[in-house]
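Next up, target-v1.tsv (TSV, C-alpha atoms):
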```
chain	number	residue	atom	x	y	z
A	97	MET	CA	-16.80	36.01	-3.72
A	98	SER	CA	-14.15	35.44	-6.32
A	99	GLN	CA	-12.64	32.38	-4.71
A	100	ASN	CA	-12.65	29.14	-6.69
A	101	GLN	CA	-14.87	26.59	-4.98
A	102	SER	CA	-13.34	23.52	-6.60
A	103	SER	CA	-13.47	20.33	-4.60
A	104	GLY	CA	-9.98	19.34	-5.78
A	105	THR	CA	-8.11	20.48	-2.69
A	106	ALA	CA	-10.57	18.79	-0.32
A	107	ILE	CA	-10.53	15.56	-2.33
A	108	GLY	CA	-6.72	15.67	-2.42
A	109	ALA	CA	-6.56	16.18	1.34
A	110	ALA	CA	-9.02	13.32	1.90
A	111	VAL	CA	-7.13	10.91	-0.38
A	112	LEU	CA	-3.82	11.75	1.27
A	113	ALA	CA	-5.46	11.35	4.70
A	114	PHE	CA	-6.64	7.86	3.65
A	115	LEU	CA	-3.13	6.97	2.49
A	116	CYS	CA	-1.59	8.29	5.71
A	117	GLY	CA	-4.24	6.42	7.70
A	118	MET	CA	-3.35	3.20	5.91
A	119	ARG	CA	0.31	3.77	6.71
A	120	TYR	CA	-0.49	4.18	10.41
A	121	LEU	CA	-2.78	1.15	10.23
A	122	SER	CA	0.20	-0.89	9.08
A	123	GLU	CA	2.23	0.50	12.00
A	124	ALA	CA	-0.57	-0.45	14.43
A	125	GLY	CA	-0.70	-3.93	12.86
A	126	THR	CA	3.03	-4.32	13.36
A	127	PHE	CA	2.64	-3.42	17.03
A	128	VAL	CA	-0.21	-5.94	17.37
A	129	GLY	CA	2.02	-8.59	15.82
A	130	GLN	CA	4.80	-7.72	18.22
A	131	LEU	CA	2.40	-8.01	21.14
A	132	ALA	CA	1.23	-11.39	19.90
A	133	PHE	CA	4.62	-12.90	19.14
A	134	LEU	CA	7.11	-11.07	21.36
A	135	GLY	CA	4.99	-10.66	24.48
A	136	PRO	CA	3.71	-7.59	26.29
A	137	ALA	CA	5.90	-4.53	26.47
A	138	PRO	CA	4.89	-0.92	27.20
A	139	GLN	CA	6.09	0.40	23.83
A	140	TYR	CA	3.89	-2.13	22.00
A	141	PHE	CA	0.76	-1.02	23.86
A	142	VAL	CA	1.53	2.69	23.44
A	143	GLY	CA	2.48	2.25	19.79
A	144	MET	CA	-0.66	0.27	19.04
A	145	ALA	CA	-2.87	2.89	20.75
A	146	TRP	CA	-1.06	5.87	19.16
A	147	ASN	CA	-1.09	4.46	15.65
A	148	GLY	CA	-4.66	3.19	16.06
A	149	ALA	CA	-5.79	6.66	17.10
A	150	LEU	CA	-4.00	8.25	14.13
A	151	THR	CA	-5.53	5.66	11.81
A	152	ALA	CA	-9.05	6.36	13.06
A	153	THR	CA	-8.54	10.12	13.02
A	154	LEU	CA	-7.21	10.23	9.47
A	155	ILE	CA	-9.60	7.74	7.88
A	156	VAL	CA	-12.73	9.08	9.60
A	157	GLY	CA	-11.54	12.62	8.91
A	158	GLY	CA	-11.05	11.82	5.23
A	159	VAL	CA	-14.56	10.35	4.94
A	160	LEU	CA	-16.15	13.30	6.74
A	161	LEU	CA	-14.16	15.75	4.63
A	162	LEU	CA	-15.55	14.15	1.47
A	163	LEU	CA	-19.02	14.51	3.01
A	164	ARG	CA	-18.34	18.26	3.41
A	165	ARG	CA	-18.23	18.15	7.19
A	166	THR	CA	-15.97	20.61	8.96
A	167	LEU	CA	-15.29	17.96	11.61
A	168	GLY	CA	-13.57	15.97	8.86
A	169	ARG	CA	-11.26	18.85	8.13
A	170	THR	CA	-10.54	19.24	11.84
A	171	LEU	CA	-9.72	15.55	12.19
A	172	VAL	CA	-7.44	15.57	9.12
A	173	VAL	CA	-5.60	18.65	10.39
A	174	ALA	CA	-5.25	17.23	13.91
A	175	GLY	CA	-4.16	13.79	12.69
A	176	THR	CA	-1.59	15.06	10.22
A	177	ALA	CA	-0.23	17.66	12.65
A	178	LEU	CA	0.20	15.06	15.40
A	179	ALA	CA	1.83	12.66	12.95
A	180	LEU	CA	4.28	15.34	11.82
A	181	VAL	CA	5.12	16.32	15.40
A	182	ALA	CA	5.76	12.68	16.33
A	183	THR	CA	7.88	12.18	13.22
A	184	LEU	CA	10.01	15.24	13.97
A	185	LEU	CA	10.33	14.86	17.74
A	186	ALA	CA	10.38	11.10	18.39
A	187	ASN	CA	14.07	10.31	18.65
A	188	GLY	CA	16.18	7.91	20.64
A	189	ALA	CA	14.46	5.50	23.01
A	190	VAL	CA	11.12	7.34	22.66
A	191	ARG	CA	10.94	6.46	18.94
A	192	ALA	CA	10.08	2.83	19.76
A	193	TYR	CA	6.80	4.03	21.30
A	194	PHE	CA	5.63	5.71	18.07
A	195	PHE	CA	7.18	3.70	15.24
A	196	ALA	CA	7.43	-0.06	15.04
A	197	GLU	CA	10.94	-1.48	15.03
A	198	VAL	CA	12.12	-4.88	13.94
A	199	ASP	CA	15.61	-5.81	15.13
A	200	GLY	CA	16.23	-2.18	16.09
A	201	GLU	CA	15.31	-0.80	12.65
A	202	THR	CA	12.03	0.73	11.52
A	203	PRO	CA	10.34	-1.14	8.66
A	204	VAL	CA	10.55	2.07	6.62
A	205	THR	CA	14.31	2.34	6.48
A	206	GLY	CA	14.86	4.05	3.16
A	207	GLU	CA	15.42	7.78	3.41
A	208	VAL	CA	13.53	8.38	0.17
A	209	VAL	CA	10.49	6.41	1.39
A	210	ALA	CA	10.53	8.12	4.79
A	211	PHE	CA	10.78	11.53	3.11
A	212	ALA	CA	7.91	10.65	0.74
A	213	LEU	CA	5.72	9.68	3.72
A	214	PHE	CA	6.61	12.94	5.46
A	215	VAL	CA	5.79	14.95	2.32
A	216	MET	CA	2.50	13.09	1.88
A	217	THR	CA	1.47	13.88	5.46
A	218	PHE	CA	2.55	17.53	5.12
A	219	ALA	CA	0.67	17.86	1.81
A	220	ALA	CA	-2.52	16.49	3.42
A	221	LEU	CA	-2.18	19.08	6.18
A	222	VAL	CA	-1.63	21.95	3.74
A	223	LEU	CA	-4.50	20.90	1.45
A	224	ALA	CA	-6.85	20.63	4.42
A	225	VAL	CA	-6.13	24.15	5.70
A	226	ILE	CA	-6.00	26.22	2.52
A	227	ARG	CA	-8.78	28.60	1.51
A	228	PRO	CA	-10.29	26.63	-1.42
A	229	THR	CA	-11.02	23.73	0.95
A	230	SER	CA	-12.76	26.14	3.35
A	231	ASP	CA	-14.79	27.61	0.52
A	232	TRP	CA	-15.81	24.17	-0.71
A	233	LEU	CA	-16.84	23.09	2.80
A	234	GLU	CA	-18.92	26.24	3.18
A	235	GLY	CA	-20.49	25.75	-0.26
A	236	ARG	CA	-19.23	29.03	-1.68
A	237	ARG	CA	-19.24	29.52	-5.43
A	238	ARG	CA	-17.70	32.11	-7.68
A	239	ASP	CA	-20.05	34.90	-8.69
A	240	ASP	CA	-20.17	33.65	-12.28
A	241	GLU	CA	-20.55	29.95	-11.39
A	242	GLU	CA	-23.88	28.15	-11.64
A	243	PRO	CA	-24.95	25.84	-8.80
A	244	SER	CA	-24.42	22.15	-9.49
A	245	GLU	CA	-27.39	19.87	-10.13
A	246	GLN	CA	-26.98	18.42	-6.64
A	247	ASP	CA	-27.18	21.89	-5.07
A	248	ARG	CA	-30.45	22.55	-6.91
A	249	LEU	CA	-32.22	19.52	-5.45
A	250	PRO	CA	-34.55	20.09	-2.50
A	251	GLY	CA	-32.95	19.24	0.79
A	252	TRP	CA	-29.36	19.89	-0.29
```
Could I get this structure in the form of structure tokens?
Amino acid sequence: MSQNQSSGTAIGAAVLAFLCGMRYLSEAGTFVGQLAFLGPAPQYFVGMAWNGALTATLIVGGVLLLLRRTLGRTLVVAGTALALVATLLANGAVRAYFFAEVDGETPVTGEVVAFALFVMTFAALVLAVIRPTSDWLEGRRRDDEEPSEQDRLPGW
């Protein structure tokens, strides 16, 4: 096994998943605010549920990924992939069900900010699926690498 078993890619994926989760938490909060102040509407309920599910998936996935659980990786991949699909395909009237709008505009109106959020989500997806993350989750080490102190303890 000559693969590098560094935790850097997994930690990067987890941190980006947390950041993406926080972004979707803010979207869910906006939908909750709209429900509270503007009254019930189908897009508010759907948006709150969708963004709440993405928030839970990404944050729980990030925590589990840091704990070296493959379920964490699965949740990060699923959450980021669904977020990217929604970002790319939600256009027109359907967009209001996925992204909060205030006076017909999304709170993230700047093209640079929207692109940065897209890149952050895509980077989390890529970091979660690449080989070094798999190797780290499986506990593989390079042939010339010594086990860490934690790996030498009984029960680890």
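Minimum atom-to-atom distance to Leu233 (chain A), evaluated using only C-alpha atoms, belongs to A:Ile107 out of A:Ala113, A:Ala220, A:Leu178, A:Ile107.
Closest to Met144 (chain A) among A:Ala219, A:Ala196, A:Ala106, A:Ala210 is A:Ala196, based on only C-alpha atoms.
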Find the smallest box with edges along x, y and z containing every listed atom of region 145-151 of chain A, then add 6 Å on each side and report centre and edge lengths in Å to one decimal, as AutoDock Vina command-line options.
```
--center_x -3.4 --center_y 5.6 --center_z 16.3 --size_x 16.7 --size_y 17.4 --size_z 20.9
```
Could you give me, as a tab-separated table (two decimals) with C-alpha atoms, keeping the file's coordinate frame, the residues that sit within 10 Å of (-11.2, 24.8, 2.1) in the file's coordinates, counting all atoms listed in the file?
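Here's the written file point.tsv:
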```
chain	number	residue	atom	x	y	z
A	100	ASN	CA	-12.65	29.14	-6.69
A	101	GLN	CA	-14.87	26.59	-4.98
A	102	SER	CA	-13.34	23.52	-6.60
A	103	SER	CA	-13.47	20.33	-4.60
A	104	GLY	CA	-9.98	19.34	-5.78
A	105	THR	CA	-8.11	20.48	-2.69
A	106	ALA	CA	-10.57	18.79	-0.32
A	109	ALA	CA	-6.56	16.18	1.34
A	161	LEU	CA	-14.16	15.75	4.63
A	164	ARG	CA	-18.34	18.26	3.41
A	166	THR	CA	-15.97	20.61	8.96
A	169	ARG	CA	-11.26	18.85	8.13
A	223	LEU	CA	-4.50	20.90	1.45
A	224	ALA	CA	-6.85	20.63	4.42
A	225	VAL	CA	-6.13	24.15	5.70
A	226	ILE	CA	-6.00	26.22	2.52
A	227	ARG	CA	-8.78	28.60	1.51
A	228	PRO	CA	-10.29	26.63	-1.42
A	229	THR	CA	-11.02	23.73	0.95
A	230	SER	CA	-12.76	26.14	3.35
A	231	ASP	CA	-14.79	27.61	0.52
A	232	TRP	CA	-15.81	24.17	-0.71
A	233	LEU	CA	-16.84	23.09	2.80
A	234	GLU	CA	-18.92	26.24	3.18
A	235	GLY	CA	-20.49	25.75	-0.26
A	236	ARG	CA	-19.23	29.03	-1.68
```
List as a list in words the protein and nucleic acid residues near Leu221 (chain A), meaning an atom at most 7 Å away when all atoms listed in the file are counted, but skip any in the same chain fewer than 3 places from it. Val172, Val173, Thr176, Ala177, Thr217, Phe218, Ala224 and Val225 of chain A
Using all atoms listed in the file, which of the listed residues (A:Leu112, A:Ile155, A:Thr170, A:Phe194) sits closest to Gln139 (chain A)? A:Phe194
Between CA of Leu154 (chain A) and CA of Ala132 (chain A), what is the distance, to one decimal in Å?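 If I compute the distance from CA of Leu154 (chain A) to CA of Ala132 (chain A), I get 25.4 Å.
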State, in Å with one decimal place, the distance from CA of Gly125 (chain A) to CA of Phe211 (chain A).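 Distance between the two atoms: 21.6 Å.
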What gap, in Å, lies between CA of Ala179 (chain A) and CA of Pro136 (chain A)?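 Pair CA of Ala179 (chain A) / CA of Pro136 (chain A) returns 24.3 Å.
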Could you tell me which of A:Val181, A:Phe214, A:Asn187, A:Phe195 comes closest to Ser122 (chain A) if we count all atoms listed in the file? A:Phe195
